[in-house]
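Visitor: To start, I am sharing the structure in question, which I have written as structure tokens.
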2 protein chains.
Amino acid sequence: MSYPQIDATNGGDRRSQILEAALVCFAKRGFHQTSMHDISGEAGISVGLIYRYFENKEAVISAMGDRHKKEISEMLERARQAPTLLESLEILFTAHCCEDAPQLVSAFVVDLYAEASRNPHVADLVRDVLETAMKGVTDLIARAPETQHGGNDLKPDELAELIFAVARGMLMLDVLRPQELTAAERRERQLEVARRLWRLLFKTEGEAAYA
Amino acid sequence: MSYPQIDATNGGDRRSQILEAALVCFAKRGFHQTSMHDISGEAGISVGLIYRYFENKEAVISAMGDRHKKEISEMLERARQAPTLLESLEILFTAHCCEDAPQLVSAFVVDLYAEASRNPHVADLVRDVLETAMKGVTDLIARAPETQHGGNDLKPDELAELIFAVARGMLMLDVLRPQELTAAERRERQLEVARRLWRLLFKTEGEAAYA
DNA sequence: TGACAATGAATGAACGTTCATTCATCTTGC
DNA sequence: GCAAGATGAATGAACGTTCATTCATTGTCA
């Protein structure tokens with residue numbers, strides 16, 4: 001008596017099914033405290049099957065990084081289409097606290113950085129993601145009319161650097177928060193601080209911007 | 001069964017010797033990839049001896065957190081005695097990149113946050129450290145004459161929150177940096193960004209205040 | 001269509017290894 | 001001689017990984 005699998009199309013989506021389970025496990029227990037049996041249990045499949053889709057455990061970690069990279073660049077594309085710079089930033093910022101996997105992602109990303117500090121391959125990947133995202137935001141800032149109104153003499157890339165530093169810092173803080181908070185509450189507390197920086201960097205001086 | 005006190009004549013040295021070795025190992029390989037044999041090897045003692053001074057591996061991790069807490073509060077004390085707010089901040093900021101163990105500390109702290117995300121005891125400890133440090137800086141800001149000159153309407157605790165977010169964010173970035181850079185170079189790159197924020201928050205130029 | 005061969009996704013017990021922890025033993029200082 | 005300091009081989013649990021085996025599905029030929 002076998003129950004139907006969660007996903008309709010068997011085979012093609014096995015990889016993402018495994019990665020989905022791995023995200024849950026990695027965020028809950030960390031890379032190196034998660035066993036392959038944990039992942040297989042979470043995915044509802046056998047251990048051996050994982051090795052049909054991934055060479056070894058490290059390949060699973062790498063694939064998770066790649067997935068994260070893809071998510072970030074999609075988010076960047078969406079952010080580019082927002083009408084104002086502040087709205088773009090808000091979209092990008094919420095990328096860190098995805099709706100479908102709220103508190104999980106923060107823990108995963110912090111772990112990813114920890115892993116990067118000793119795994120050169122992961123470090124390259126994270127650096128790559130970061131550079132792409134930074135370049136995107138730098139561009140966004142350079143094109144935005146809001147930039148002109150700042151009372152500061154900072155260049156777009158310097159502004160982006162500050163924005164990303166605060167975003168990372170708030171992400172780090174997020175893993176300390178009690179789990180009783182909902183995902184929405186967590187995101188709002190993070191945004192509160194980030195928005196204070198943004199207002200400081202891009203003073204909109206009322207709606208007289210285009211007057 | 002009791003363990004030697006921290007400042008006992010014999011036990012104190014051994015404990016810190018072990019913790020010193022543990023920091024090196026943890027930073028190099030992470031908590032869960034570091035074996036007790038690694039630590040004993042680094043410390044130049046036998047495995048069993050570690051268990052005379054620590055109940056188990058987790059107790060070593062906790063003790064490392066306590067040590068970190070002590071270092072931070074000493075740093076805070078030193079920062080309090082600096083003549084200007086910006087100098088205080090500079091002292092506090094460099095706490096993250098200690099002179100005697102340069103690139104190690106960043107990796108350790110990121111790992112500590114990762115551990116905090118799933119170990120409530122570690123989370124409490126890190127939260128405690130952070131709250132103490134934040135309170136200290138908030139106080140520093142409230143008393144500083146520079147605060148009045150900011151072109152912003154942010155309260156001292158909001159300013160402290162931003163400062164700490166950027167500090168954490170730069171610390172996270174530090175683990176991505178190629179190891180070829182010296183400790184001084186790393187610190188300088190981190191400070192560059194942090195200082196940009198500080199200048200923004202506390203405009204020291206007299207002309208900006210009345211412009 | 002029905003019988004049968006071929007496929008390969010999926011399983012999970014088993015393997016070799018590593019790890020945290022213990023403890024019988026040895027050393028040292030008094 | 002004895003308590004406390006120190007050792008490292010021994011232990012057993014847990015881990016990543018392998019692989020012989022199962023079996024639903026698909027393809028083949030009459």
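Chain labels A, B, ... are given in the sequence in which chains occur in the structure tokens; within each chain residues are numbered consecutively from 1, and ligands are likewise numbered from 1 in the order shown.
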Select from chain C every residue with an atom at most 12 Å from any atom of chain A, then for each give the shortest pair of atoms and their distance in Å to one decimal, using only C-alpha atoms (C1' of nucleotides), rows by chain and rising number, as a Markdown table.

Guide:
| residue | atom | partner | partner_atom | distance |
| --- | --- | --- | --- | --- |
| C:DG8 | C1' | A:Arg52 | CA | 10.8 |
| C:DA9 | C1' | A:Leu49 | CA | 8.1 |
| C:DA10 | C1' | A:Leu49 | CA | 6.3 |
| C:DT11 | C1' | A:Ser46 | CA | 6.2 |
| C:DG12 | C1' | A:Ser46 | CA | 7.3 |
| C:DA13 | C1' | A:Gly48 | CA | 11.3 |

Visitor: Would you export the selected residues with C-alpha atoms (C1' of nucleotides) as a PDB file, in the first residue's frame, please?

Guide:
ATOM      1  C1'  DG C   8      15.783   1.752 -13.775  1.00  0.00           C
ATOM      2  C1'  DA C   9      13.644   4.200  -9.768  1.00  0.00           C
ATOM      3  C1'  DA C  10      13.548   3.071  -5.159  1.00  0.00           C
ATOM      4  C1'  DT C  11      14.744   0.558  -1.071  1.00  0.00           C
ATOM      5  C1'  DG C  12      17.251  -0.160   3.390  1.00  0.00           C
ATOM      6  C1'  DA C  13      20.553  -3.333   5.583  1.00  0.00           C
TER       7       DA C  13
END

Visitor: With a cut-off of 9 Å and counting only C-alpha atoms (C1' of nucleotides), select all residues of chain A in contact with chain D and give the selection as number ranges by chain.

Guide: A: 35-36, 48, 51, 56-57

Visitor: Residues of chain A that have any atom at most 9 Å from an atom of chain B: could you tabulate them with the shortest-distance atom pair and the distance in Å to one decimal, using only C-alpha atoms, ordered by chain and increasing number, as a Markdown table?

Guide:
| residue | atom | partner | partner_atom | distance |
| --- | --- | --- | --- | --- |
| A:Ala27 | CA | B:Ser117 | CA | 8.3 |
| A:Lys28 | CA | B:Arg118 | CA | 6.5 |
| A:Arg29 | CA | B:Arg118 | CA | 6.4 |
| A:Gly30 | CA | B:Ala114 | CA | 7.7 |
| A:His32 | CA | B:His32 | CA | 6.3 |
| A:Gln33 | CA | B:His32 | CA | 7.1 |
| A:Ser106 | CA | B:Ser117 | CA | 8.8 |
| A:Ala107 | CA | B:Ser117 | CA | 6.0 |
| A:Phe108 | CA | B:Ala114 | CA | 8.3 |
| A:Val109 | CA | B:Ala114 | CA | 8.9 |
| A:Val110 | CA | B:Ala114 | CA | 5.7 |
| A:Asp111 | CA | B:Ala114 | CA | 5.4 |
| A:Tyr113 | CA | B:Met172 | CA | 7.0 |
| A:Ala114 | CA | B:Asp111 | CA | 5.4 |
| A:Glu115 | CA | B:Gly30 | CA | 8.1 |
| A:Ala116 | CA | B:Leu176 | CA | 6.5 |
| A:Ser117 | CA | B:Val175 | CA | 4.9 |
| A:Arg118 | CA | B:Arg29 | CA | 6.4 |
| A:Pro120 | CA | B:Leu176 | CA | 8.9 |
| A:Ala123 | CA | B:Leu176 | CA | 5.8 |
| A:Asp124 | CA | B:Leu176 | CA | 8.0 |
| A:Val126 | CA | B:Leu176 | CA | 7.7 |
| A:Arg127 | CA | B:Leu176 | CA | 6.6 |
| A:Gly151 | CA | B:Gly151 | CA | 8.6 |
| A:Asn152 | CA | B:Leu200 | CA | 7.3 |
| A:Leu154 | CA | B:Arg196 | CA | 8.3 |
| A:Glu158 | CA | B:Val193 | CA | 7.6 |
| A:Glu161 | CA | B:Val193 | CA | 7.3 |
| A:Leu162 | CA | B:Val193 | CA | 6.7 |
| A:Ile163 | CA | B:Val166 | CA | 8.6 |
| A:Phe164 | CA | B:Gly169 | CA | 7.4 |
| A:Ala165 | CA | B:Gly169 | CA | 4.2 |
| A:Val166 | CA | B:Val166 | CA | 4.8 |
| A:Ala167 | CA | B:Gly169 | CA | 7.1 |
| A:Arg168 | CA | B:Gly169 | CA | 4.7 |
| A:Gly169 | CA | B:Gly169 | CA | 4.1 |
| A:Met170 | CA | B:Ala165 | CA | 5.8 |
| A:Leu171 | CA | B:Gly169 | CA | 8.6 |
| A:Met172 | CA | B:Tyr113 | CA | 7.0 |
| A:Leu173 | CA | B:Ala165 | CA | 8.0 |
| A:Asp174 | CA | B:Ser117 | CA | 8.7 |
| A:Val175 | CA | B:Ser117 | CA | 4.9 |
| A:Leu176 | CA | B:Ala123 | CA | 5.7 |
| A:Arg177 | CA | B:Ala123 | CA | 8.4 |
| A:Val193 | CA | B:Leu162 | CA | 6.7 |
| A:Ala194 | CA | B:Leu162 | CA | 8.0 |
| A:Arg196 | CA | B:Leu162 | CA | 8.2 |
| A:Leu197 | CA | B:Leu162 | CA | 7.3 |
| A:Leu200 | CA | B:Asn152 | CA | 7.2 |
| A:Leu201 | CA | B:Leu200 | CA | 8.4 |
